[in-house]
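Take a look at the structure below.
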Amino acid sequence: MHDPLAVRDHLASDFGATDLGTSFHRDWSNYADSALDHIAQRYGTQGDPTSLLLLIEDLLRLRDSGLSGEEIGLLWYATDISLGAPGTPGKEREWLQEVLSFVVPLARSRGASPDSCATYPACVPDGTSAAAVEHRRMTAEVVDMVGVLDQRQPWSFAPLVPTRQALVRCAETVCPELAFRFLLCATGPFCSRLSPAAYEWLERLSAAFGHGPHVVGAVRHLVD
């Protein structure tokens with residue numbers, strides 16, 4: 001659960017696990033020898049480790065959560081708008097751990113502390129930080145917004161209702177901010193259109209989470 005003020009410059013557009021998922025475009029394997037090679041190219045080997053730390057936090061939350069492997073897989077595939085992400089059926093937590101084992105040394109090599117690569121502040125249901133209290137306040141709205149997912153697109157292979165249920169579980173038991181980003185990704189394969197009112201609601205929630213304008217702006221094309 002990031003501190004929006006501390007990492008504001010890294011929240012202008014998508015980040016963390018959702019950004020990684022959407023980065024696996026259909027032709028990613030033409031430019032990388034493996035999924036880990038793709039990740040290495042995407043994050044580089046030098047510079048500020050914040051983008052890696054945001055990814056690590058998301059992955060740790062999902063790995064340590066009470067979500068089932070199937071639920072984690074549904075969230076991961078919600079990001080897969082171009083059907084290019086590496087598959088993880090039945091090995092969802094193993095995939096998370098494989099990525100963590102790869103990116104943690106990258107973050108450490110760029111100055112991240114051991115603690116920042118292994119721990120994260122509690123969120124729902126019992127986090128006590130100011131950010132956790134704010135997240136808890138918005139949990140119900142994120143759950144309500146899952147209702148905008150109303151229609152599975154013909155090219156999508158993931159089921160709609162279980163995906164909606166996984167998003168609700170993520171919001172209520174893991175982190176509503178993380179669930180919100182997965183929800184935005186899921187509008188691609190599971191939303192026919194967004195009403196102007198629904199988009200404004202998404203904008204307001206995104207701003208409350210400390211996101212920059214391009215996070216929710218990525219789904220602007222769905223507005224009637």
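Ligands are numbered from 1 in the order shown, residues from 1 within each chain, and chains are lettered A, B, ... in the order they appear in the structure tokens.
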A:His221 environment, 12 Å, only C-alpha atoms, sequence neighbours closer than 5 positions dropped, as a list in words: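 The residues that qualify are Thr187, Gly188, Cys191, Ser192, Arg193, Leu194, Ser195, Pro196, Tyr199 and Val216 of chain A.
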Residue contacts of A:Pro189 (7 Å, only C-alpha atoms) excluding same-chain residues fewer than 2 positions away, as a ChimeraX atom specification: /A:81,152-153,156,186-187,191
Residue nearest A:Asp48 - candidates A:Asp9, A:Glu92, A:Glu98, A:Asp144, atoms counted: only C-alpha atoms: A:Asp9
Selection: 12 Å around A:Ser101, only C-alpha atoms, excl. self and same-chain fewer than 4 positions, as a PyMOL selection string: chain A and resi 36+56+59-60+94-97+105-108+117-118
Can you write out the residues you just picked, keeping C-alpha atoms, as a CSV table (one decimal), in the first residue's frame?
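The resulting file, out-v9.csv, is reproduced below:
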```csv
chain,number,residue,atom,x,y,z
A,36,LEU,CA,12.0,-12.8,-16.9
A,56,ILE,CA,7.3,-6.1,-5.3
A,59,LEU,CA,3.4,-9.3,-5.6
A,60,LEU,CA,4.0,-9.8,-1.9
A,94,GLU,CA,4.9,-20.2,-7.9
A,95,TRP,CA,4.8,-17.5,-10.7
A,96,LEU,CA,4.6,-14.7,-8.2
A,97,GLN,CA,7.6,-16.1,-6.3
A,105,PRO,CA,17.9,-8.6,-6.4
A,106,LEU,CA,17.4,-5.9,-9.1
A,107,ALA,CA,15.8,-3.6,-6.6
A,108,ARG,CA,18.6,-4.3,-4.0
A,117,CYS,CA,11.8,-5.7,-0.5
A,118,ALA,CA,10.3,-8.1,2.1
```
Every residue of stretch 82-165 of chain A that DSSP places in helix (DSSP H, G or I), as a PyMOL selection string: chain A and resi 92-109+115-117+130-148+160-165
Taking only C-alpha atoms into account, produce a table as CSV in which each residue of stretch 154-202 of chain A with an atom at most 8 Å from an atom of stretch 130-139 of chain A appears once, together with its shortest atom pair and the distance in Å to one decimal, ordered by chain and rising number.
```
residue,atom,partner,partner_atom,distance
A:Ala171,CA,A:Thr139,CA,6.1
A:Glu172,CA,A:Thr139,CA,6.5
A:Cys175,CA,A:His135,CA,7.4
A:Pro176,CA,A:Thr139,CA,5.4
A:Glu177,CA,A:His135,CA,6.8
```
Put those residues in a file: all heavy atoms, as an mmCIF file, in the first residue's frame.
```cif
data_model
loop_
_atom_site.group_PDB
_atom_site.id
_atom_site.type_symbol
_atom_site.label_atom_id
_atom_site.label_comp_id
_atom_site.auth_asym_id
_atom_site.auth_seq_id
_atom_site.Cartn_x
_atom_site.Cartn_y
_atom_site.Cartn_z
ATOM 1 N N ALA A 171 -10.447 -6.625 -3.022
ATOM 2 C CA ALA A 171 -10.755 -5.344 -2.379
ATOM 3 C C ALA A 171 -11.010 -5.503 -0.895
ATOM 4 O O ALA A 171 -10.587 -4.673 -0.084
ATOM 5 C CB ALA A 171 -11.962 -4.701 -3.058
ATOM 6 N N GLU A 172 -11.706 -6.568 -0.513
ATOM 7 C CA GLU A 172 -12.138 -6.737 0.876
ATOM 8 C C GLU A 172 -11.105 -7.398 1.768
ATOM 9 O O GLU A 172 -11.141 -7.223 2.995
ATOM 10 C CB GLU A 172 -13.438 -7.540 0.922
ATOM 11 C CG GLU A 172 -14.624 -6.811 0.308
ATOM 12 C CD GLU A 172 -15.904 -7.616 0.356
ATOM 13 O OE1 GLU A 172 -15.823 -8.862 0.485
ATOM 14 O OE2 GLU A 172 -16.988 -7.012 0.241
ATOM 15 N N CYS A 175 -6.307 -5.455 -0.664
ATOM 16 C CA CYS A 175 -6.083 -4.012 -0.752
ATOM 17 C C CYS A 175 -7.019 -3.429 -1.799
ATOM 18 O O CYS A 175 -6.970 -3.838 -2.960
ATOM 19 C CB CYS A 175 -4.628 -3.727 -1.142
ATOM 20 S SG CYS A 175 -4.262 -1.970 -1.405
ATOM 21 N N PRO A 176 -7.894 -2.495 -1.422
ATOM 22 C CA PRO A 176 -8.821 -1.930 -2.400
ATOM 23 C C PRO A 176 -8.129 -1.147 -3.509
ATOM 24 O O PRO A 176 -8.627 -1.121 -4.639
ATOM 25 C CB PRO A 176 -9.740 -1.029 -1.575
ATOM 26 C CG PRO A 176 -9.207 -1.006 -0.206
ATOM 27 C CD PRO A 176 -8.139 -2.027 -0.065
ATOM 28 N N GLU A 177 -6.990 -0.550 -3.207
ATOM 29 C CA GLU A 177 -6.279 0.187 -4.256
ATOM 30 C C GLU A 177 -5.761 -0.765 -5.320
ATOM 31 O O GLU A 177 -5.884 -0.498 -6.524
ATOM 32 C CB GLU A 177 -5.128 0.994 -3.645
ATOM 33 C CG GLU A 177 -4.436 1.952 -4.607
ATOM 34 C CD GLU A 177 -3.392 1.280 -5.479
ATOM 35 O OE1 GLU A 177 -2.735 0.316 -5.018
ATOM 36 O OE2 GLU A 177 -3.239 1.695 -6.645
#
```
Please report, as a Markdown table, each residue of stretch 61-146 of chain A lying at most 12 Å from stretch 50-55 of chain A, together with the nearest pair of atoms and the separation in Å rounded to one decimal; use only C-alpha atoms, and order rows by chain and ascending residue number.
```
| residue | atom | partner | partner_atom | distance |
| --- | --- | --- | --- | --- |
| A:Arg61 | CA | A:Leu55 | CA | 10.1 |
| A:Leu62 | CA | A:Leu55 | CA | 10.9 |
| A:Leu96 | CA | A:Leu55 | CA | 10.7 |
| A:Val99 | CA | A:Leu55 | CA | 9.7 |
| A:Leu100 | CA | A:Leu55 | CA | 8.8 |
| A:Phe102 | CA | A:Leu52 | CA | 10.7 |
| A:Val103 | CA | A:Leu52 | CA | 6.9 |
| A:Val104 | CA | A:Leu52 | CA | 7.9 |
| A:Pro105 | CA | A:Leu52 | CA | 10.1 |
| A:Leu106 | CA | A:Leu52 | CA | 7.9 |
| A:Ala107 | CA | A:Leu52 | CA | 6.0 |
| A:Arg108 | CA | A:Leu53 | CA | 9.6 |
| A:Ser109 | CA | A:Leu52 | CA | 11.1 |
| A:Arg110 | CA | A:Thr50 | CA | 9.4 |
| A:Gly111 | CA | A:Thr50 | CA | 9.8 |
| A:Ala112 | CA | A:Leu53 | CA | 7.8 |
| A:Ser113 | CA | A:Leu53 | CA | 9.9 |
| A:Pro114 | CA | A:Leu53 | CA | 10.9 |
| A:Asp115 | CA | A:Leu53 | CA | 10.8 |
| A:Ser116 | CA | A:Leu53 | CA | 7.2 |
| A:Cys117 | CA | A:Leu53 | CA | 6.6 |
| A:Ala118 | CA | A:Leu53 | CA | 9.7 |
| A:Thr119 | CA | A:Leu53 | CA | 10.4 |
| A:Tyr120 | CA | A:Leu53 | CA | 10.1 |
```
Produce a file of the selected residues containing N, CA, C and O atoms, as a compact mmCIF listing (two decimals), in the first residue's frame.
```txt
# COMPACT_ATOMS: atom_id res chain seq x y z
N ARG A 61 1.83 -8.84 -1.57
CA ARG A 61 0.45 -8.84 -1.07
C ARG A 61 -0.35 -10.00 -1.66
O ARG A 61 -1.08 -10.69 -0.94
N LEU A 62 -0.20 -10.21 -2.95
CA LEU A 62 -0.94 -11.29 -3.59
C LEU A 62 -0.43 -12.64 -3.12
O LEU A 62 -1.22 -13.54 -2.81
N LEU A 96 4.34 -15.90 -8.97
CA LEU A 96 4.62 -14.70 -8.19
C LEU A 96 5.99 -14.80 -7.53
O LEU A 96 6.77 -13.83 -7.54
N VAL A 99 8.86 -14.36 -10.06
CA VAL A 99 9.10 -12.96 -10.40
C VAL A 99 9.75 -12.23 -9.23
O VAL A 99 10.70 -11.46 -9.42
N LEU A 100 9.27 -12.48 -8.01
CA LEU A 100 9.88 -11.85 -6.84
C LEU A 100 11.37 -12.21 -6.73
O LEU A 100 12.21 -11.34 -6.46
N PHE A 102 13.36 -12.79 -8.92
CA PHE A 102 14.11 -12.10 -9.97
C PHE A 102 14.22 -10.61 -9.72
O PHE A 102 15.30 -10.01 -9.89
N VAL A 103 13.12 -9.96 -9.30
CA VAL A 103 13.13 -8.50 -9.20
C VAL A 103 13.68 -7.98 -7.88
O VAL A 103 14.17 -6.84 -7.83
N VAL A 104 13.62 -8.77 -6.82
CA VAL A 104 14.17 -8.29 -5.54
C VAL A 104 15.67 -8.00 -5.66
O VAL A 104 16.13 -6.93 -5.25
N PRO A 105 16.47 -8.90 -6.23
CA PRO A 105 17.89 -8.56 -6.40
C PRO A 105 18.10 -7.33 -7.29
O PRO A 105 19.04 -6.55 -7.06
N LEU A 106 17.25 -7.13 -8.29
CA LEU A 106 17.37 -5.93 -9.12
C LEU A 106 17.15 -4.69 -8.28
O LEU A 106 17.91 -3.71 -8.40
N ALA A 107 16.11 -4.71 -7.44
CA ALA A 107 15.84 -3.55 -6.58
C ALA A 107 16.97 -3.32 -5.59
O ALA A 107 17.38 -2.18 -5.34
N ARG A 108 17.49 -4.41 -4.99
CA ARG A 108 18.58 -4.27 -4.04
C ARG A 108 19.82 -3.69 -4.71
O ARG A 108 20.52 -2.85 -4.12
N SER A 109 20.08 -4.10 -5.94
CA SER A 109 21.26 -3.60 -6.65
C SER A 109 21.15 -2.12 -6.97
O SER A 109 22.16 -1.47 -7.26
N ARG A 110 19.92 -1.60 -6.91
CA ARG A 110 19.70 -0.19 -7.20
C ARG A 110 19.45 0.63 -5.94
O ARG A 110 18.98 1.76 -5.99
N GLY A 111 19.80 0.04 -4.78
CA GLY A 111 19.78 0.80 -3.54
C GLY A 111 18.62 0.55 -2.60
O GLY A 111 18.54 1.16 -1.53
N ALA A 112 17.70 -0.34 -2.96
CA ALA A 112 16.57 -0.63 -2.08
C ALA A 112 17.04 -1.40 -0.86
O ALA A 112 17.93 -2.24 -0.94
N SER A 113 16.44 -1.11 0.28
CA SER A 113 16.82 -1.79 1.52
C SER A 113 16.22 -3.19 1.57
O SER A 113 15.19 -3.46 0.94
N PRO A 114 16.83 -4.09 2.34
CA PRO A 114 16.25 -5.43 2.48
C PRO A 114 14.83 -5.40 3.00
O PRO A 114 13.97 -6.16 2.53
N ASP A 115 14.55 -4.52 3.97
CA ASP A 115 13.22 -4.45 4.56
C ASP A 115 12.17 -4.03 3.53
O ASP A 115 11.06 -4.57 3.51
N SER A 116 12.52 -3.08 2.67
CA SER A 116 11.56 -2.59 1.68
C SER A 116 11.22 -3.63 0.63
O SER A 116 10.20 -3.52 -0.05
N CYS A 117 12.07 -4.66 0.51
CA CYS A 117 11.84 -5.72 -0.47
C CYS A 117 11.16 -6.94 0.14
O CYS A 117 10.91 -7.93 -0.56
N ALA A 118 10.89 -6.89 1.45
CA ALA A 118 10.35 -8.07 2.11
C ALA A 118 9.10 -7.80 2.95
O ALA A 118 8.40 -8.75 3.31
N THR A 119 8.81 -6.55 3.24
CA THR A 119 7.67 -6.22 4.11
C THR A 119 6.82 -5.15 3.46
O THR A 119 7.25 -4.45 2.54
N TYR A 120 5.61 -5.00 3.97
CA TYR A 120 4.69 -3.98 3.46
C TYR A 120 3.70 -3.66 4.58
O TYR A 120 3.41 -4.51 5.43
```
